[in-house]
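K.L.:
Shown below is the structure under consideration.
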Protein chains: 2
Amino acid sequence: MPSSTRRARERANIRASIVETAMRLLESEGAAALTIRRIAADVEYTAPIVYQHFANKDALVLELVVRGYDQLLAELRRVDEASDIDGRIVRVAAQYVRFAGEHPHLYQAMNGTVTSADERRRAAAPAIDLLTELLDAWSEAHGVTLPDQSDACEILWGTLHGMAALGYLGTVGTERAQRLAEQACSTILLGWRAAGSANGLRAGSSPRSGNSG
Amino acid sequence: MPSSTRRARERANIRASIVETAMRLLESEGAAALTIRRIAADVEYTAPIVYQHFANKDALVLELVVRGYDQLLAELRRVDEASDIDGRIVRVAAQYVRFAGEHPHLYQAMNGTVTSADERRRAAAPAIDLLTELLDAWSEAHGVTLPDQSDACEILWGTLHGMAALGYLGTVGTERAQRLAEQACSTILLGWRAAGSANGLRAGSSPRSGNSG
DNA sequence: TAAAAAAATCTAACGTCGTTAGATTAGGGG
DNA sequence: CCCCTAATCTAACGACGTTAGATTTTTTTA
């Protein structure tokens with residue numbers, strides 16, 4: 001047992017290295033390889049050590065999910081450069097789908113049911129806020145008042161996830177999923193503008209449903 | 001020899017009741033409760049009996065997924081009544097999300113990674129074909145030629161899944177998810193019409209991307 | 001109808017998982 | 001040096017998917 005050499009190394013950073021190792025394991029080998037024993041072996045400890053830092057496996061996965069959303073938000077911000085607002089939204093959309101394609105196992109964990117809906121909502125909130133800001137800017141730039149801002153934001157958020165799912169589920173390739181996300185966003189924005197300006201396009205196309213609620 | 005045919009029938013009955021029990025178990029108690037031993041106990045056999053009808057658990061789950069897509073398709077067709085084409089699409093969209101909300105565990109299995117991308121594609125193909133037909137009819141009804149019919153279909157399919165995910169992941173309630181799906185579809189259709197008619201709306205809103213590939 | 005052959009079904013086990021209790025070891029203060 | 005406390009490990013539990021081999025049931029044959 002190399003316990004002496006190991007103990008010489010990090011002593012208080014066990015928790016950090018557990019998280020780091022778990023993240024690497026999840027990303028490189030998928031959720032099936034993310035076992036407590038494997039994580040412990042990779043940090044050169046035995047399994048019970050994990051339970052001194054996390055109540056159970058779900059708590060550890062939740063930490064990975066939170067970090068995943070942090071990283072996603074950072075990458076969305078990174079591509080949200082100054083340009084026309086439509087271009088910003090479309091670029092952010094493509095980057096969202098790219099993230100899902102580049103970190104498929106992490107993305108699946110972020111949208112899986114091992115973390116509760118509340119926890120997931122909390123983790124995703126900052127990223128959703130970014131979408132809200134973008135929509136605000138878009139709305140102002142085009143002078144279009146959306147029927148319901150939060151409906152619009154969730155439609156956008158859901159659409160991004162839908163296009164990402166096309167990619168990570170293997171329905172289409174990830175690069176095509178990115179193009180589809182760009183097209184879908186552009187189309188939705190165009191639709192909102194068309195709905196905003198009361199031109200003839202609207203006639204006969206919208207269903208019975210009234211708009212907000 | 002009539003005995004062999006009877007035995008074949010009994011075998012088929014066992015297989016059918018395994019599938020039926022597994023489906024009920026999945027829908028009522030979720031994927032965590034779907035264990036081989038539990039299924040066997042519910043059909044009043046022991047665990048190994050399952051392996052005489054399915055190579056492994058994944059094969060059984062695949063059968064549930066296929067049946068899930070069959071049921072989904074049937075429900076989509078059921079609400080696809082004669083009316084204006086936009087109304088048909090919007091109703092089908094809402095029904096898709098309703099299905100996901102009413103059968104969350106089954107829907108998750110249908111979109112999970114235990115079944116391979118190929119198998120899932122095959123199972124979902126008829127439902128996707130329905131979308132293609134609806135889009136064809138829409139395109140003809142409005143005299144709008146979509147840049148790429150299969151891109152459009154996948155955008156629609158992905159959007160439906162995105163809105164459904166908002167519901168079954170608990171981001172929003174399922175009834176709200178249905179409304180969002182209706183709005184999203186209406187908006188996309190409106191956007192496609194706006195893009196089709198070369199009016200001033202297009203200027204400044206579409207990104208660099210050329211259309212198909 | 002009784003033995004032999006075949007099919008159906010069960011028991012028991014393997015190795016894995018998450019998780020916990022109790023033994024064991026290590027480091028610091030008398 | 002020894003004790004005490006904390007850190008860490010060993011061993012186990014029950015449940016999982018899965019398989020091999022024994023056992024029971026059914027069919028065929030003499």
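Order determines the names: the first chain of the structure tokens is A, the second B, and so forth; residues in each chain are numbered 1 upward, and ligands are numbered 1 upward as they are shown.
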Within 8 Å of chain A, which residues belong to chain B? Use only C-alpha atoms and report them as a PDB file with N, CA and C atoms, in the first residue's frame.

P.N.:
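Contents of part-v4.pdb, freshly written:
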ATOM      1  N   ASP B  86     -52.028  24.358 -39.860  1.00  0.00           N
ATOM      2  CA  ASP B  86     -51.317  24.908 -38.701  1.00  0.00           C
ATOM      3  C   ASP B  86     -51.916  24.371 -37.409  1.00  0.00           C
ATOM      4  N   GLY B  87     -53.246  24.294 -37.384  1.00  0.00           N
ATOM      5  CA  GLY B  87     -53.900  23.752 -36.201  1.00  0.00           C
ATOM      6  C   GLY B  87     -53.538  22.301 -35.972  1.00  0.00           C
ATOM      7  N   VAL B  90     -50.015  22.164 -34.486  1.00  0.00           N
ATOM      8  CA  VAL B  90     -49.987  22.633 -33.099  1.00  0.00           C
ATOM      9  C   VAL B  90     -50.638  21.615 -32.171  1.00  0.00           C
ATOM     10  N   ASN B 111     -36.073   8.128 -24.579  1.00  0.00           N
ATOM     11  CA  ASN B 111     -35.027   9.088 -24.914  1.00  0.00           C
ATOM     12  C   ASN B 111     -33.774   8.878 -24.088  1.00  0.00           C
ATOM     13  N   GLY B 112     -33.642   7.723 -23.469  1.00  0.00           N
ATOM     14  CA  GLY B 112     -32.438   7.439 -22.709  1.00  0.00           C
ATOM     15  C   GLY B 112     -31.386   6.779 -23.571  1.00  0.00           C
ATOM     16  N   THR B 113     -30.264   6.465 -22.976  1.00  0.00           N
ATOM     17  CA  THR B 113     -29.154   5.927 -23.749  1.00  0.00           C
ATOM     18  C   THR B 113     -28.977   4.427 -23.555  1.00  0.00           C
ATOM     19  N   ALA B 117     -28.503   4.538 -30.488  1.00  0.00           N
ATOM     20  CA  ALA B 117     -29.032   5.586 -31.348  1.00  0.00           C
ATOM     21  C   ALA B 117     -29.757   4.984 -32.548  1.00  0.00           C
ATOM     22  N   ASP B 118     -29.212   3.927 -33.106  1.00  0.00           N
ATOM     23  CA  ASP B 118     -29.848   3.283 -34.262  1.00  0.00           C
ATOM     24  C   ASP B 118     -31.219   2.724 -33.907  1.00  0.00           C
ATOM     25  N   ARG B 121     -33.612   5.520 -33.406  1.00  0.00           N
ATOM     26  CA  ARG B 121     -34.005   6.118 -34.679  1.00  0.00           C
ATOM     27  C   ARG B 121     -35.065   5.261 -35.365  1.00  0.00           C
ATOM     28  N   ASP B 151     -34.109  19.275 -42.474  1.00  0.00           N
ATOM     29  CA  ASP B 151     -33.706  20.174 -41.394  1.00  0.00           C
ATOM     30  C   ASP B 151     -34.941  20.652 -40.627  1.00  0.00           C
ATOM     31  N   GLU B 154     -36.435  17.994 -38.412  1.00  0.00           N
ATOM     32  CA  GLU B 154     -35.675  17.709 -37.194  1.00  0.00           C
ATOM     33  C   GLU B 154     -35.741  18.868 -36.204  1.00  0.00           C
ATOM     34  N   ILE B 155     -35.827  20.079 -36.723  1.00  0.00           N
ATOM     35  CA  ILE B 155     -36.029  21.218 -35.818  1.00  0.00           C
ATOM     36  C   ILE B 155     -37.346  21.059 -35.069  1.00  0.00           C
ATOM     37  N   GLY B 158     -36.989  18.107 -32.593  1.00  0.00           N
ATOM     38  CA  GLY B 158     -36.163  18.505 -31.455  1.00  0.00           C
ATOM     39  C   GLY B 158     -36.886  19.484 -30.552  1.00  0.00           C
ATOM     40  N   THR B 159     -37.653  20.391 -31.153  1.00  0.00           N
ATOM     41  CA  THR B 159     -38.400  21.354 -30.348  1.00  0.00           C
ATOM     42  C   THR B 159     -39.440  20.655 -29.485  1.00  0.00           C
ATOM     43  N   LEU B 160     -40.124  19.685 -30.078  1.00  0.00           N
ATOM     44  CA  LEU B 160     -41.111  18.936 -29.292  1.00  0.00           C
ATOM     45  C   LEU B 160     -40.420  18.280 -28.102  1.00  0.00           C
ATOM     46  N   HIS B 161     -39.278  17.651 -28.363  1.00  0.00           N
ATOM     47  CA  HIS B 161     -38.581  17.012 -27.249  1.00  0.00           C
ATOM     48  C   HIS B 161     -38.121  18.048 -26.222  1.00  0.00           C
ATOM     49  N   GLY B 162     -37.681  19.176 -26.696  1.00  0.00           N
ATOM     50  CA  GLY B 162     -37.239  20.213 -25.766  1.00  0.00           C
ATOM     51  C   GLY B 162     -38.361  20.665 -24.853  1.00  0.00           C
ATOM     52  N   MET B 163     -39.535  20.890 -25.417  1.00  0.00           N
ATOM     53  CA  MET B 163     -40.666  21.330 -24.592  1.00  0.00           C
ATOM     54  C   MET B 163     -41.117  20.204 -23.667  1.00  0.00           C
ATOM     55  N   ALA B 165     -39.229  17.979 -22.438  1.00  0.00           N
ATOM     56  CA  ALA B 165     -38.221  17.861 -21.376  1.00  0.00           C
ATOM     57  C   ALA B 165     -38.473  18.907 -20.297  1.00  0.00           C
ATOM     58  N   LEU B 166     -38.865  20.118 -20.697  1.00  0.00           N
ATOM     59  CA  LEU B 166     -39.222  21.132 -19.709  1.00  0.00           C
ATOM     60  C   LEU B 166     -40.267  20.572 -18.757  1.00  0.00           C
ATOM     61  N   LEU B 169     -38.832  17.055 -16.807  1.00  0.00           N
ATOM     62  CA  LEU B 169     -37.724  17.344 -15.897  1.00  0.00           C
ATOM     63  C   LEU B 169     -38.178  18.232 -14.747  1.00  0.00           C
ATOM     64  N   GLY B 170     -39.398  18.698 -14.805  1.00  0.00           N
ATOM     65  CA  GLY B 170     -39.918  19.499 -13.715  1.00  0.00           C
ATOM     66  C   GLY B 170     -39.548  20.964 -13.779  1.00  0.00           C
ATOM     67  N   THR B 171     -38.965  21.390 -14.897  1.00  0.00           N
ATOM     68  CA  THR B 171     -38.636  22.812 -15.032  1.00  0.00           C
ATOM     69  C   THR B 171     -39.916  23.636 -15.002  1.00  0.00           C
ATOM     70  N   LEU B 180     -46.408  25.889 -23.980  1.00  0.00           N
ATOM     71  CA  LEU B 180     -45.153  26.348 -24.581  1.00  0.00           C
ATOM     72  C   LEU B 180     -44.908  25.656 -25.922  1.00  0.00           C
ATOM     73  N   ALA B 181     -45.239  24.364 -25.984  1.00  0.00           N
ATOM     74  CA  ALA B 181     -45.057  23.639 -27.242  1.00  0.00           C
ATOM     75  C   ALA B 181     -45.938  24.240 -28.336  1.00  0.00           C
ATOM     76  N   GLN B 183     -47.023  27.340 -28.456  1.00  0.00           N
ATOM     77  CA  GLN B 183     -46.454  28.636 -28.822  1.00  0.00           C
ATOM     78  C   GLN B 183     -45.200  28.469 -29.670  1.00  0.00           C
ATOM     79  N   ALA B 184     -44.336  27.541 -29.241  1.00  0.00           N
ATOM     80  CA  ALA B 184     -43.081  27.366 -29.967  1.00  0.00           C
ATOM     81  C   ALA B 184     -43.352  26.955 -31.407  1.00  0.00           C
ATOM     82  N   SER B 186     -46.125  27.384 -33.194  1.00  0.00           N
ATOM     83  CA  SER B 186     -46.733  28.490 -33.926  1.00  0.00           C
ATOM     84  C   SER B 186     -45.674  29.502 -34.350  1.00  0.00           C
ATOM     85  N   THR B 187     -44.767  29.794 -33.418  1.00  0.00           N
ATOM     86  CA  THR B 187     -43.747  30.787 -33.708  1.00  0.00           C
ATOM     87  C   THR B 187     -42.820  30.316 -34.827  1.00  0.00           C
ATOM     88  N   ILE B 188     -42.433  29.031 -34.753  1.00  0.00           N
ATOM     89  CA  ILE B 188     -41.537  28.506 -35.789  1.00  0.00           C
ATOM     90  C   ILE B 188     -42.219  28.531 -37.153  1.00  0.00           C
ATOM     91  N   LEU B 189     -43.483  28.120 -37.172  1.00  0.00           N
ATOM     92  CA  LEU B 189     -44.195  28.138 -38.455  1.00  0.00           C
ATOM     93  C   LEU B 189     -44.291  29.565 -38.991  1.00  0.00           C
ATOM     94  N   LEU B 190     -44.568  30.477 -38.083  1.00  0.00           N
ATOM     95  CA  LEU B 190     -44.653  31.888 -38.493  1.00  0.00           C
ATOM     96  C   LEU B 190     -43.303  32.367 -39.017  1.00  0.00           C
ATOM     97  N   GLY B 191     -42.245  31.934 -38.316  1.00  0.00           N
ATOM     98  CA  GLY B 191     -40.904  32.322 -38.763  1.00  0.00           C
ATOM     99  C   GLY B 191     -40.595  31.773 -40.137  1.00  0.00           C
ATOM    100  N   TRP B 192     -40.978  30.549 -40.384  1.00  0.00           N
ATOM    101  CA  TRP B 192     -40.722  29.974 -41.706  1.00  0.00           C
ATOM    102  C   TRP B 192     -41.500  30.716 -42.792  1.00  0.00           C
ATOM    103  N   ARG B 193     -42.722  31.134 -42.441  1.00  0.00           N
ATOM    104  CA  ARG B 193     -43.483  31.888 -43.437  1.00  0.00           C
ATOM    105  C   ARG B 193     -42.841  33.245 -43.688  1.00  0.00           C
ATOM    106  N   ALA B 194     -42.395  33.858 -42.598  1.00  0.00           N
ATOM    107  CA  ALA B 194     -41.745  35.165 -42.753  1.00  0.00           C
ATOM    108  C   ALA B 194     -40.475  35.036 -43.584  1.00  0.00           C
ATOM    109  N   ALA B 195     -39.720  33.971 -43.344  1.00  0.00           N
ATOM    110  CA  ALA B 195     -38.498  33.766 -44.115  1.00  0.00           C
ATOM    111  C   ALA B 195     -38.840  33.469 -45.571  1.00  0.00           C
ATOM    112  N   LEU B 201     -38.662  41.877 -42.927  1.00  0.00           N
ATOM    113  CA  LEU B 201     -38.352  41.322 -41.613  1.00  0.00           C
ATOM    114  C   LEU B 201     -36.988  40.654 -41.584  1.00  0.00           C
ATOM    115  N   ARG B 202     -36.575  40.157 -42.752  1.00  0.00           N
ATOM    116  CA  ARG B 202     -35.363  39.351 -42.742  1.00  0.00           C
ATOM    117  C   ARG B 202     -34.122  40.179 -42.445  1.00  0.00           C
ATOM    118  N   GLY B 204     -31.115  42.020 -41.218  1.00  0.00           N
ATOM    119  CA  GLY B 204     -30.460  42.208 -39.927  1.00  0.00           C
ATOM    120  C   GLY B 204     -30.722  41.134 -38.917  1.00  0.00           C
ATOM    121  N   SER B 205     -31.551  40.143 -39.248  1.00  0.00           N
ATOM    122  CA  SER B 205     -31.864  39.166 -38.220  1.00  0.00           C
ATOM    123  C   SER B 205     -31.240  37.803 -38.481  1.00  0.00           C
ATOM    124  N   SER B 206     -31.034  37.444 -39.713  1.00  0.00           N
ATOM    125  CA  SER B 206     -30.487  36.109 -39.952  1.00  0.00           C
ATOM    126  C   SER B 206     -28.968  36.144 -39.860  1.00  0.00           C
ATOM    127  N   PRO B 207     -28.369  35.079 -39.284  1.00  0.00           N
ATOM    128  CA  PRO B 207     -26.926  35.058 -39.089  1.00  0.00           C
ATOM    129  C   PRO B 207     -26.209  34.745 -40.388  1.00  0.00           C
TER     130      PRO B 207
END

K.L.:
Give one line per residue of chain C that approaches chain A to at most 9 Å, naming the two atoms of the closest pair and their distance in Å to one decimal, counting only C-alpha atoms (C1' of nucleotides); sort by chain then ascending residue number and deliver it as JSON lines.

P.N.:
{"residue": "C:DC17", "atom": "C1'", "partner": "A:Thr35", "partner_atom": "CA", "distance": 7.8}
{"residue": "C:DG18", "atom": "C1'", "partner": "A:Ile36", "partner_atom": "CA", "distance": 7.6}
{"residue": "C:DT19", "atom": "C1'", "partner": "A:Asn56", "partner_atom": "CA", "distance": 8.3}
{"residue": "C:DT20", "atom": "C1'", "partner": "A:Pro48", "partner_atom": "CA", "distance": 8.8}

K.L.:
Please find the residues of chain D near chain B - the criterion being any atom within 10 Å, counting only C-alpha atoms (C1' of nucleotides) - and write them as a ChimeraX atom specification.

P.N.:
/D:15-19,27

K.L.:
Once chain A is superposed on chain B with a least-squares fit on all C-alpha pairs taken in order, can you show it as a CSV table (one decimal) with C-alpha atoms, in the first residue's frame?

P.N.:
chain,number,residue,atom,x,y,z
A,1,MET,CA,-45.2,-24.3,-7.9
A,2,PRO,CA,-48.2,-23.6,-10.1
A,3,SER,CA,-46.4,-24.9,-13.1
A,4,SER,CA,-49.0,-27.3,-14.2
A,5,THR,CA,-51.8,-24.7,-14.3
A,6,ARG,CA,-49.5,-22.3,-16.0
A,7,ARG,CA,-48.4,-24.7,-18.7
A,8,ALA,CA,-52.0,-25.3,-19.5
A,9,ARG,CA,-52.2,-21.7,-20.4
A,10,GLU,CA,-50.3,-20.0,-23.2
A,11,ARG,CA,-47.3,-21.9,-24.3
A,12,ALA,CA,-46.1,-20.2,-27.5
A,13,ASN,CA,-47.0,-16.7,-26.4
A,14,ILE,CA,-44.4,-16.5,-23.7
A,15,ARG,CA,-42.5,-13.9,-25.7
A,16,ALA,CA,-45.6,-11.7,-26.2
A,17,SER,CA,-46.4,-11.9,-22.5
A,18,ILE,CA,-42.9,-11.0,-21.6
A,19,VAL,CA,-43.1,-7.9,-23.7
A,20,GLU,CA,-46.5,-7.0,-22.4
A,21,THR,CA,-45.5,-7.5,-18.8
A,22,ALA,CA,-42.3,-5.6,-19.2
A,23,MET,CA,-44.2,-2.7,-20.8
A,24,ARG,CA,-46.8,-2.6,-18.0
A,25,LEU,CA,-44.0,-2.8,-15.4
A,26,LEU,CA,-42.0,0.0,-17.1
A,27,GLU,CA,-45.0,2.3,-17.4
A,28,SER,CA,-46.4,1.7,-13.9
A,29,GLU,CA,-43.3,1.5,-11.8
A,30,GLY,CA,-40.5,3.0,-13.8
A,31,ALA,CA,-37.2,1.8,-15.2
A,32,ALA,CA,-35.8,0.9,-11.8
A,33,ALA,CA,-38.5,-1.8,-11.4
A,34,LEU,CA,-37.9,-3.3,-14.8
A,35,THR,CA,-35.7,-6.2,-13.7
A,36,ILE,CA,-35.4,-9.5,-15.4
A,37,ARG,CA,-36.4,-11.3,-12.3
A,38,ARG,CA,-39.4,-9.2,-11.7
A,39,ILE,CA,-40.6,-9.6,-15.3
A,40,ALA,CA,-40.1,-13.4,-15.1
A,41,ALA,CA,-42.0,-13.5,-11.8
A,42,ASP,CA,-44.9,-11.6,-13.3
A,43,VAL,CA,-45.2,-14.0,-16.2
A,44,GLU,CA,-44.9,-16.9,-13.7
A,45,TYR,CA,-41.5,-18.1,-14.9
A,46,THR,CA,-38.0,-17.9,-13.7
A,47,ALA,CA,-35.4,-15.4,-14.9
A,48,PRO,CA,-33.5,-17.5,-17.5
A,49,ILE,CA,-36.7,-17.9,-19.6
A,50,VAL,CA,-36.3,-14.3,-20.7
A,51,TYR,CA,-33.0,-15.2,-22.4
A,52,GLN,CA,-34.6,-17.7,-24.6
A,53,HIS,CA,-36.5,-14.9,-26.3
A,54,PHE,CA,-34.1,-11.9,-26.0
A,55,ALA,CA,-30.3,-11.8,-26.2
A,56,ASN,CA,-30.2,-9.5,-23.2
A,57,LYS,CA,-32.1,-6.9,-21.3
A,58,ASP,CA,-31.2,-4.2,-23.8
A,59,ALA,CA,-32.8,-6.1,-26.6
A,60,LEU,CA,-36.0,-6.4,-24.6
A,61,VAL,CA,-35.9,-2.6,-23.8
A,62,LEU,CA,-35.4,-2.0,-27.5
A,63,GLU,CA,-38.6,-3.8,-28.3
A,64,LEU,CA,-40.4,-1.6,-25.7
A,65,VAL,CA,-38.9,1.5,-27.3
A,66,VAL,CA,-40.0,0.4,-30.8
A,67,ARG,CA,-43.5,-0.2,-29.6
A,68,GLY,CA,-43.4,3.1,-27.8
A,69,TYR,CA,-42.7,4.9,-31.1
A,70,ASP,CA,-45.4,2.9,-32.8
A,71,GLN,CA,-47.9,4.0,-30.2
A,72,LEU,CA,-46.7,7.6,-30.3
A,73,LEU,CA,-47.1,7.6,-34.1
A,74,ALA,CA,-50.6,6.2,-33.8
A,75,GLU,CA,-51.6,8.9,-31.3
A,76,LEU,CA,-50.1,11.6,-33.4
A,77,ARG,CA,-52.0,10.4,-36.5
A,78,ARG,CA,-55.2,10.2,-34.4
A,79,VAL,CA,-55.2,13.9,-33.6
A,80,ASP,CA,-54.0,14.9,-37.1
A,81,GLU,CA,-57.5,15.6,-38.3
A,82,ALA,CA,-58.5,17.6,-41.3
A,83,SER,CA,-58.3,21.3,-40.5
A,84,ASP,CA,-56.0,24.1,-41.5
A,85,ILE,CA,-52.5,22.9,-41.7
A,86,ASP,CA,-51.2,25.2,-38.9
A,87,GLY,CA,-53.8,23.7,-36.6
A,88,ARG,CA,-52.8,20.2,-37.5
A,89,ILE,CA,-49.2,20.9,-36.7
A,90,VAL,CA,-50.0,22.5,-33.4
A,91,ARG,CA,-52.4,19.7,-32.4
A,92,VAL,CA,-49.8,17.1,-33.3
A,93,ALA,CA,-47.3,19.0,-31.2
A,94,ALA,CA,-49.5,19.1,-28.2
A,95,GLN,CA,-50.3,15.4,-28.5
A,96,TYR,CA,-46.6,14.6,-28.7
A,97,VAL,CA,-46.1,16.4,-25.3
A,98,ARG,CA,-49.2,14.8,-23.9
A,99,PHE,CA,-47.9,11.4,-24.8
A,100,ALA,CA,-44.6,12.1,-23.0
A,101,GLY,CA,-46.6,13.3,-20.0
A,102,GLU,CA,-48.9,10.3,-19.9
A,103,HIS,CA,-46.1,7.7,-20.4
A,104,PRO,CA,-43.1,9.4,-18.8
A,105,HIS,CA,-41.1,6.2,-18.1
A,106,LEU,CA,-41.7,4.8,-21.6
A,107,TYR,CA,-40.8,8.2,-23.1
A,108,GLN,CA,-37.6,8.3,-21.1
A,109,ALA,CA,-36.7,4.9,-22.4
A,110,MET,CA,-37.5,6.0,-25.9
A,111,ASN,CA,-35.0,8.9,-25.5
A,112,GLY,CA,-32.5,7.2,-23.3
A,113,THR,CA,-29.1,5.8,-24.2
A,114,VAL,CA,-29.7,2.2,-23.6
A,115,THR,CA,-30.8,1.9,-27.2
A,116,SER,CA,-28.2,2.9,-29.7
A,117,ALA,CA,-28.6,6.1,-31.8
A,118,ASP,CA,-29.2,3.9,-34.9
A,119,GLU,CA,-31.9,1.9,-33.4
A,120,ARG,CA,-33.6,5.0,-32.0
A,121,ARG,CA,-33.4,6.7,-35.4
A,122,ARG,CA,-35.0,3.7,-37.0
A,123,ALA,CA,-37.7,3.5,-34.5
A,124,ALA,CA,-38.5,7.2,-34.6
A,125,ALA,CA,-38.3,7.5,-38.4
A,126,PRO,CA,-42.0,7.0,-39.2
A,127,ALA,CA,-43.0,9.6,-36.6
A,128,ILE,CA,-40.4,12.0,-38.1
A,129,ASP,CA,-41.8,11.3,-41.5
A,130,LEU,CA,-45.2,12.4,-40.3
A,131,LEU,CA,-43.6,15.8,-39.4
A,132,THR,CA,-42.0,16.0,-42.8
A,133,GLU,CA,-45.4,15.5,-44.5
A,134,LEU,CA,-47.0,18.1,-42.3
A,135,LEU,CA,-44.2,20.5,-43.1
A,136,ASP,CA,-44.6,19.8,-46.8
A,137,ALA,CA,-48.3,20.5,-46.6
A,138,TRP,CA,-47.6,23.7,-44.6
A,139,SER,CA,-45.0,24.9,-47.0
A,140,GLU,CA,-47.3,24.4,-50.0
A,141,ALA,CA,-50.3,25.9,-48.2
A,142,HIS,CA,-48.6,29.1,-47.4
A,143,GLY,CA,-46.4,29.3,-50.5
A,144,VAL,CA,-43.3,29.4,-48.3
A,145,THR,CA,-40.2,27.7,-49.4
A,146,LEU,CA,-38.1,26.7,-46.3
A,147,PRO,CA,-34.4,27.1,-46.7
A,148,ASP,CA,-33.8,23.4,-45.8
A,149,GLN,CA,-36.7,21.0,-45.4
A,150,SER,CA,-34.8,18.5,-43.3
A,151,ASP,CA,-33.3,21.2,-41.0
A,152,ALA,CA,-36.8,22.5,-40.5
A,153,CYS,CA,-38.1,19.0,-39.7
A,154,GLU,CA,-35.4,18.4,-37.1
A,155,ILE,CA,-35.9,21.8,-35.5
A,156,LEU,CA,-39.6,20.8,-35.1
A,157,TRP,CA,-38.7,17.4,-33.8
A,158,GLY,CA,-36.2,18.7,-31.4
A,159,THR,CA,-38.6,21.4,-30.2
A,160,LEU,CA,-41.2,18.8,-29.5
A,161,HIS,CA,-38.7,16.8,-27.4
A,162,GLY,CA,-37.6,20.0,-25.7
A,163,MET,CA,-41.1,20.9,-24.6
A,164,ALA,CA,-41.8,17.3,-23.6
A,165,ALA,CA,-38.7,17.3,-21.5
A,166,LEU,CA,-39.9,20.4,-19.7
A,167,GLY,CA,-42.9,18.3,-18.7
A,168,TYR,CA,-41.5,14.9,-17.8
A,169,LEU,CA,-38.5,16.4,-16.1
A,170,GLY,CA,-40.8,18.3,-13.8
A,171,THR,CA,-39.6,21.7,-14.8
A,172,VAL,CA,-43.2,22.6,-15.6
A,173,GLY,CA,-46.4,20.7,-15.3
A,174,THR,CA,-47.4,18.5,-18.3
A,175,GLU,CA,-50.5,20.6,-19.2
A,176,ARG,CA,-48.3,23.7,-19.2
A,177,ALA,CA,-45.8,21.9,-21.3
A,178,GLN,CA,-48.5,21.2,-23.9
A,179,ARG,CA,-49.4,24.9,-24.0
A,180,LEU,CA,-45.8,25.7,-24.4
A,181,ALA,CA,-45.4,23.3,-27.3
A,182,GLU,CA,-48.4,24.9,-29.0
A,183,GLN,CA,-46.9,28.3,-28.6
A,184,ALA,CA,-43.5,27.2,-29.6
A,185,CYS,CA,-44.8,25.6,-32.8
A,186,SER,CA,-47.0,28.5,-33.7
A,187,THR,CA,-44.1,30.9,-33.1
A,188,ILE,CA,-41.7,28.9,-35.2
A,189,LEU,CA,-44.2,28.6,-38.1
A,190,LEU,CA,-44.8,32.3,-37.8
A,191,GLY,CA,-41.1,32.9,-37.9
A,192,TRP,CA,-40.7,30.8,-41.0
A,193,ARG,CA,-43.4,32.7,-42.7
A,194,ALA,CA,-41.9,36.0,-41.7
A,195,ALA,CA,-38.5,34.8,-43.0
A,196,GLY,CA,-40.1,33.6,-46.2
A,197,SER,CA,-41.8,36.9,-47.0
A,198,ALA,CA,-39.0,39.3,-47.3
A,199,ASN,CA,-40.4,42.1,-45.2
A,200,GLY,CA,-38.6,44.5,-42.9
A,201,LEU,CA,-38.7,42.2,-39.9
A,202,ARG,CA,-35.6,40.5,-41.0
A,203,ALA,CA,-33.3,43.4,-40.8
A,204,GLY,CA,-31.0,43.3,-37.8
A,205,SER,CA,-32.3,40.2,-36.3
A,206,SER,CA,-30.6,37.3,-38.1
A,207,PRO,CA,-27.0,36.5,-37.0
A,208,ARG,CA,-24.1,36.0,-39.3
A,209,SER,CA,-24.9,32.5,-40.2
A,210,GLY,CA,-25.9,31.8,-43.7
A,211,ASN,CA,-28.8,29.4,-44.0
A,212,SER,CA,-28.3,25.8,-45.2
A,213,GLY,CA,-25.2,23.8,-45.7

K.L.:
Applying 12 Å and only C-alpha atoms (C1' of nucleotides), which residues near DA5 in chain C remain after dropping the ones on its own chain fewer than 4 positions away? List them as a PyMOL selection string.

P.N.:
chain D and resi 26-29

K.L.:
Could those residues be written to a file, using N, CA and C atoms (P, O5', C5', C4', C3', O3' and C1' of nucleotides), as an mmCIF file, in the first residue's frame?

P.N.:
data_model
loop_
_atom_site.group_PDB
_atom_site.id
_atom_site.type_symbol
_atom_site.label_atom_id
_atom_site.label_comp_id
_atom_site.auth_asym_id
_atom_site.auth_seq_id
_atom_site.Cartn_x
_atom_site.Cartn_y
_atom_site.Cartn_z
ATOM 1 P P DT D 26 -46.792 -30.470 -15.771
ATOM 2 O "O5'" DT D 26 -46.392 -30.984 -17.229
ATOM 3 C "C5'" DT D 26 -45.829 -30.061 -18.141
ATOM 4 C "C4'" DT D 26 -45.192 -30.798 -19.294
ATOM 5 C "C3'" DT D 26 -46.144 -31.689 -20.096
ATOM 6 O "O3'" DT D 26 -46.243 -31.175 -21.411
ATOM 7 C "C1'" DT D 26 -44.050 -32.752 -19.695
ATOM 8 P P DT D 27 -47.331 -31.848 -22.432
ATOM 9 O "O5'" DT D 27 -46.396 -32.790 -23.304
ATOM 10 C "C5'" DT D 27 -45.319 -32.221 -24.044
ATOM 11 C "C4'" DT D 27 -44.415 -33.301 -24.578
ATOM 12 C "C3'" DT D 27 -45.099 -34.303 -25.517
ATOM 13 O "O3'" DT D 27 -44.442 -34.270 -26.774
ATOM 14 C "C1'" DT D 27 -43.744 -35.409 -23.917
ATOM 15 P P DT D 28 -45.063 -35.140 -28.013
ATOM 16 O "O5'" DT D 28 -44.077 -36.396 -28.025
ATOM 17 C "C5'" DT D 28 -42.667 -36.174 -28.096
ATOM 18 C "C4'" DT D 28 -41.933 -37.476 -27.890
ATOM 19 C "C3'" DT D 28 -42.370 -38.620 -28.802
ATOM 20 O "O3'" DT D 28 -41.228 -39.120 -29.472
ATOM 21 C "C1'" DT D 28 -42.252 -39.343 -26.566
ATOM 22 P P DT D 29 -41.444 -40.185 -30.687
ATOM 23 O "O5'" DT D 29 -41.080 -41.549 -29.965
ATOM 24 C "C5'" DT D 29 -39.835 -41.658 -29.252
ATOM 25 C "C4'" DT D 29 -39.826 -42.899 -28.388
ATOM 26 C "C3'" DT D 29 -40.224 -44.178 -29.124
ATOM 27 O "O3'" DT D 29 -39.172 -45.138 -28.965
ATOM 28 C "C1'" DT D 29 -41.315 -44.020 -27.049
#
